[in-house]
Amino acid sequence: MYSSDEDEPDLDLLALLRSHLTLKSNKSPKVDTRALRDAEYIADNAIDVALQREHIIEAADSIWFSMQEKGYSTETWSEHEIHPKEKNEETLNFIFTLDLLNFSFWSELNHEKRFSIQYRGKKWTGYWSIVATLQRALDEGIPITSPYFWVDEQICPDELLRHVFRSDSEEDIPLLDDRIACLREAGEVLCKRYDGRFAHMVTEANESASALVMLLAENFPCFDDSHQWVPSGGTARTVHFYKRAQILVADIWACFNKTSYGTFNDISTITMFADYRVPVILHYLSCLRYSPPLTSHIHNLIPIPTGHSFEIQIRGCSIWCVEMIKRTIERRHPESRGRINSILIDFYLYDTAKEMEKKAIEREEEEKWRNVEENIPMGDLRRVFGGALEVGKKMRKGGNWEDRDGVEKGAMIPHHRTRSIWY
Ligand SMILES: Nc1nc2c(c(CN[C@H]3C=C[C@H](O)[C@@H]3O)cn2[C@@H]2O[C@H](COP(=O)(O)O)[C@@H](O)[C@H]2O)c(=O)[nH]1
């Protein structure tokens, strides 16, 4: 702080230090969603799910190379056929509504019979059925993305909502009453506290992805994806996954391509979205291994009640696994830094799972996919995951946990069956 003259302070240096310190103290405190910390805790204490370091390394390389090859980026989001193409406040409302309802599409029925929507000449199932439902309603002039509409039971009675969610197949949408309750609850909050405009909440978050996740969890009970978990031999602790809140922020970030409502200065704090689809891929890649009791539970398609320790371990370990994949990519491929995060890895894995499912259905192997998600054509998987697959194969032959799983070579474990509004 002193220049060459011992008594004379270096005023330039002092000014620089002061401005640096002032800037620092003016920064708004960082918000921590706790999702990542809780995931690490779960991974450290889980007894039914384990991460496999060597396979994570293989998967990291494959995923990174494959993403590069495909030019996978935030722009991929809008390229999906029925995702919105415009970028305005109405689009933001669309995404809010979408992620309010983005849960539990799985069915025990086959592709023909399960809940589906016919839209623009195609049949949409799973996540895409909810996108199609909203698009279809808007085309019909129903303001399904408006909070003022959701709260007005005169103009928006349950009957009308049942019409909005009507099925084009044998099965109705799962958890319809819960979906209606989510719309009504969110409408109340937005109309009372935010002038009916979700955009105001986004502004309040001040370009912080974590702050927006916490605003969602604190304002809307139906976004507060927190659970009690008692690790084996330990004491109860509340763990947070915030799957729908985080995927909502991620969808905004990707749809608006990091600009406008999609500008966030801490997007890397968002974790993987702990659902029932991505863990299947992580398990297939041998990045995750399941204990014999959990494997047999899943193979026998036995439902897992929401909040059960099996479910918490699958979700927490999936989040930590994707975090490990991300860190491995950053370490092994320094050029990826600032270009990769858990959102992009998650989206990539989800999209890949859907691509594989589509091919399996096209090959009329859907029955197999649905029941045990087995026999996905090896060519497809090899192209997508390259090296990781070879290692997975060796593992399965090698005879440790995979053998105890009873998972046959090239087979996929089914998704776990938990019915809830959380994912
Ligand atoms: N982890 C993760 N889970 C995701 C998604 C998405 C859709 N995201 C779109 C947006 C950008 C991406 O590029 C995707 O195009 C839905 N889900 C969850 O999956 C389940 C439904 O599965 P299925 O029945 O097979 O469609 C259900 O829990 C649903 O909430 C994702 O991205 N990541």
# chains A, B, ... in the order shown; residues from 1 in each chain; ligands from 1

call {"tool": "residues_near_ligand", "arguments": {"ligand": "ligand 1", "cutoff": "9 Å", "atoms": "only C-alpha atoms and all ligand atoms", "output": "VMD selection string"}}
result
chain A and resid 74 76 to 78 80 83 99 101 to 107 125 to 129 243 to 244 247 250 to 251 254 to 255 272 to 279 343 to 344 346 to 351 353 to 354 357 422 to 423

call {"tool": "write_last_selection", "arguments": {"atoms": "N, CA and C atoms", "output": "short mmCIF file (atom, residue, chain, number, x, y, z; two decimals), in the first residue's frame"}}
result
data_model
loop_
_atom_site.label_atom_id
_atom_site.label_comp_id
_atom_site.auth_asym_id
_atom_site.auth_seq_id
_atom_site.Cartn_x
_atom_site.Cartn_y
_atom_site.Cartn_z
N THR A 74 -27.66 -24.62 -26.12
CA THR A 74 -28.95 -24.09 -25.69
C THR A 74 -29.91 -23.96 -26.88
N THR A 76 -30.51 -25.95 -29.13
CA THR A 76 -31.22 -27.21 -29.43
C THR A 76 -32.65 -27.16 -28.89
N TRP A 77 -32.84 -26.46 -27.79
CA TRP A 77 -34.16 -26.42 -27.13
C TRP A 77 -35.26 -25.99 -28.11
N SER A 78 -35.04 -24.88 -28.78
CA SER A 78 -36.08 -24.36 -29.68
C SER A 78 -36.20 -25.17 -30.96
N HIS A 80 -36.59 -28.32 -31.11
CA HIS A 80 -37.55 -29.41 -30.95
C HIS A 80 -38.86 -28.99 -31.62
N HIS A 83 -41.68 -27.32 -29.40
CA HIS A 83 -41.33 -26.29 -28.41
C HIS A 83 -41.62 -24.91 -29.04
N ASP A 99 -43.77 -26.36 -17.01
CA ASP A 99 -43.02 -26.99 -15.92
C ASP A 99 -43.83 -27.11 -14.62
N LEU A 101 -46.57 -28.46 -14.85
CA LEU A 101 -47.26 -29.73 -15.16
C LEU A 101 -46.31 -30.83 -15.62
N ASN A 102 -45.02 -30.56 -15.53
CA ASN A 102 -44.02 -31.47 -16.09
C ASN A 102 -43.69 -32.60 -15.11
N PHE A 103 -44.65 -33.50 -14.91
CA PHE A 103 -44.40 -34.61 -13.99
C PHE A 103 -45.24 -35.84 -14.34
N SER A 104 -44.69 -36.97 -13.98
CA SER A 104 -45.37 -38.26 -13.97
C SER A 104 -46.22 -38.58 -15.21
N PHE A 105 -45.52 -38.90 -16.28
CA PHE A 105 -46.24 -39.28 -17.51
C PHE A 105 -46.19 -40.78 -17.74
N TRP A 106 -45.47 -41.49 -16.87
CA TRP A 106 -45.25 -42.91 -17.18
C TRP A 106 -46.54 -43.72 -17.04
N SER A 107 -46.54 -44.82 -17.77
CA SER A 107 -47.75 -45.63 -17.85
C SER A 107 -47.36 -47.10 -17.85
N THR A 125 -46.32 -38.58 -26.72
CA THR A 125 -46.46 -39.24 -25.42
C THR A 125 -45.43 -38.66 -24.45
N GLY A 126 -45.50 -39.06 -23.18
CA GLY A 126 -44.52 -38.64 -22.18
C GLY A 126 -44.49 -37.12 -22.04
N TYR A 127 -43.32 -36.59 -21.84
CA TYR A 127 -43.15 -35.13 -21.69
C TYR A 127 -43.78 -34.38 -22.85
N TRP A 128 -43.59 -34.93 -24.05
CA TRP A 128 -44.09 -34.20 -25.23
C TRP A 128 -45.60 -34.12 -25.25
N SER A 129 -46.28 -35.01 -24.53
CA SER A 129 -47.75 -34.93 -24.51
C SER A 129 -48.22 -33.66 -23.80
N LYS A 243 -36.65 -30.47 -8.63
CA LYS A 243 -36.57 -30.88 -10.04
C LYS A 243 -37.33 -29.93 -10.96
N ARG A 244 -38.62 -29.69 -10.66
CA ARG A 244 -39.41 -28.86 -11.60
C ARG A 244 -38.99 -27.39 -11.56
N ILE A 247 -35.74 -27.27 -13.61
CA ILE A 247 -35.91 -27.47 -15.06
C ILE A 247 -36.63 -26.26 -15.67
N ALA A 250 -33.93 -23.79 -16.23
CA ALA A 250 -33.11 -24.27 -17.35
C ALA A 250 -33.83 -24.08 -18.68
N ASP A 251 -35.12 -24.35 -18.69
CA ASP A 251 -35.89 -24.18 -19.94
C ASP A 251 -35.91 -22.71 -20.36
N ALA A 254 -32.46 -21.86 -21.75
CA ALA A 254 -32.21 -22.44 -23.07
C ALA A 254 -33.13 -21.82 -24.12
N CYS A 255 -34.41 -21.69 -23.79
CA CYS A 255 -35.36 -21.16 -24.78
C CYS A 255 -34.96 -19.75 -25.20
N MET A 272 -28.64 -31.35 -12.20
CA MET A 272 -29.44 -32.26 -13.03
C MET A 272 -30.87 -32.35 -12.48
N PHE A 273 -31.83 -32.67 -13.34
CA PHE A 273 -33.23 -32.73 -12.93
C PHE A 273 -33.58 -34.17 -12.56
N ALA A 274 -33.74 -34.38 -11.26
CA ALA A 274 -33.86 -35.75 -10.76
C ALA A 274 -35.23 -36.33 -11.07
N ASP A 275 -35.32 -37.01 -12.19
CA ASP A 275 -36.59 -37.56 -12.68
C ASP A 275 -36.53 -39.09 -12.70
N TYR A 276 -37.40 -39.71 -13.50
CA TYR A 276 -37.35 -41.18 -13.60
C TYR A 276 -36.75 -41.64 -14.92
N ARG A 277 -36.34 -40.75 -15.79
CA ARG A 277 -35.83 -41.14 -17.10
C ARG A 277 -34.30 -41.15 -17.16
N VAL A 278 -33.67 -40.07 -16.71
CA VAL A 278 -32.21 -39.98 -16.84
C VAL A 278 -31.47 -41.02 -15.98
N PRO A 279 -31.97 -41.36 -14.77
CA PRO A 279 -31.26 -42.41 -14.01
C PRO A 279 -31.11 -43.72 -14.79
N ILE A 343 -26.98 -28.76 -16.80
CA ILE A 343 -28.21 -28.65 -17.59
C ILE A 343 -28.00 -29.26 -18.97
N LEU A 344 -26.90 -28.85 -19.63
CA LEU A 344 -26.69 -29.34 -20.99
C LEU A 344 -26.46 -30.86 -21.00
N ASP A 346 -27.67 -32.98 -18.82
CA ASP A 346 -28.98 -33.58 -18.54
C ASP A 346 -29.86 -33.56 -19.79
N PHE A 347 -29.98 -32.40 -20.40
CA PHE A 347 -30.82 -32.30 -21.61
C PHE A 347 -30.34 -33.29 -22.67
N TYR A 348 -29.02 -33.35 -22.80
CA TYR A 348 -28.45 -34.25 -23.80
C TYR A 348 -28.83 -35.71 -23.48
N LEU A 349 -28.71 -36.09 -22.21
CA LEU A 349 -29.03 -37.47 -21.84
C LEU A 349 -30.52 -37.75 -22.05
N TYR A 350 -31.36 -36.79 -21.67
CA TYR A 350 -32.80 -36.98 -21.85
C TYR A 350 -33.14 -37.11 -23.33
N ASP A 351 -32.63 -36.18 -24.14
CA ASP A 351 -32.92 -36.23 -25.58
C ASP A 351 -32.45 -37.54 -26.19
N ALA A 353 -32.09 -40.42 -24.62
CA ALA A 353 -32.99 -41.50 -24.19
C ALA A 353 -34.24 -41.52 -25.06
N LYS A 354 -34.75 -40.34 -25.37
CA LYS A 354 -35.97 -40.27 -26.19
C LYS A 354 -35.71 -40.74 -27.62
N GLU A 357 -35.64 -44.43 -27.53
CA GLU A 357 -36.99 -44.98 -27.35
C GLU A 357 -37.75 -44.94 -28.67
N TRP A 422 -43.72 -34.48 -8.19
CA TRP A 422 -42.39 -33.84 -8.15
C TRP A 422 -41.60 -34.01 -9.43
N TYR A 423 -41.87 -35.09 -10.19
CA TYR A 423 -41.12 -35.31 -11.43
C TYR A 423 -41.80 -36.32 -12.31
#

call {"tool": "residues_around", "arguments": {"residues": "region 232-237 of chain A", "least_positions_apart": "5", "cutoff": "9 Å", "atoms": "only C-alpha atoms", "output": "list in words"}}
result
Asn45, Ala46, Ile47 and His227 of chain A

call {"tool": "write_last_selection", "arguments": {"atoms": "C-alpha atoms", "output": "compact mmCIF listing (two decimals), in the first residue's frame"}}
result
# COMPACT_ATOMS: atom_id res chain seq x y z
CA ASN A 45 -24.40 -42.15 2.64
CA ALA A 46 -26.36 -44.25 0.15
CA ILE A 47 -26.33 -48.00 0.51
CA HIS A 227 -38.05 -34.54 1.48

call {"tool": "select_by_dssp", "arguments": {"residues": "region 40-236 of chain A", "states": "strand (DSSP E or B)", "output": "list in words"}}
result
Val49, Ala50, Leu51, Ile117, Gln118, Tyr119, Lys122, Lys123, Trp124, Ser226, His227, Gln228 and Trp229 of chain A

call {"tool": "closest_residue", "arguments": {"among": "A:Val230, A:Ala186, A:Ile142, A:Val280", "to": "His308 (chain A)", "atoms": "only C-alpha atoms"}}
result
A:Val230

call {"tool": "residues_around", "arguments": {"residues": "Gly316 (chain A)", "least_positions_apart": "3", "cutoff": "8 Å", "atoms": "only C-alpha atoms", "output": "PyMOL selection string"}}
result
chain A and resi 38-40+42-43+241+274+312-313+319-320

call {"tool": "atom_distance", "arguments": {"atom1": "CA of Ser210 (chain A)", "atom2": "CA of Ile345 (chain A)"}}
result
18.4 Å
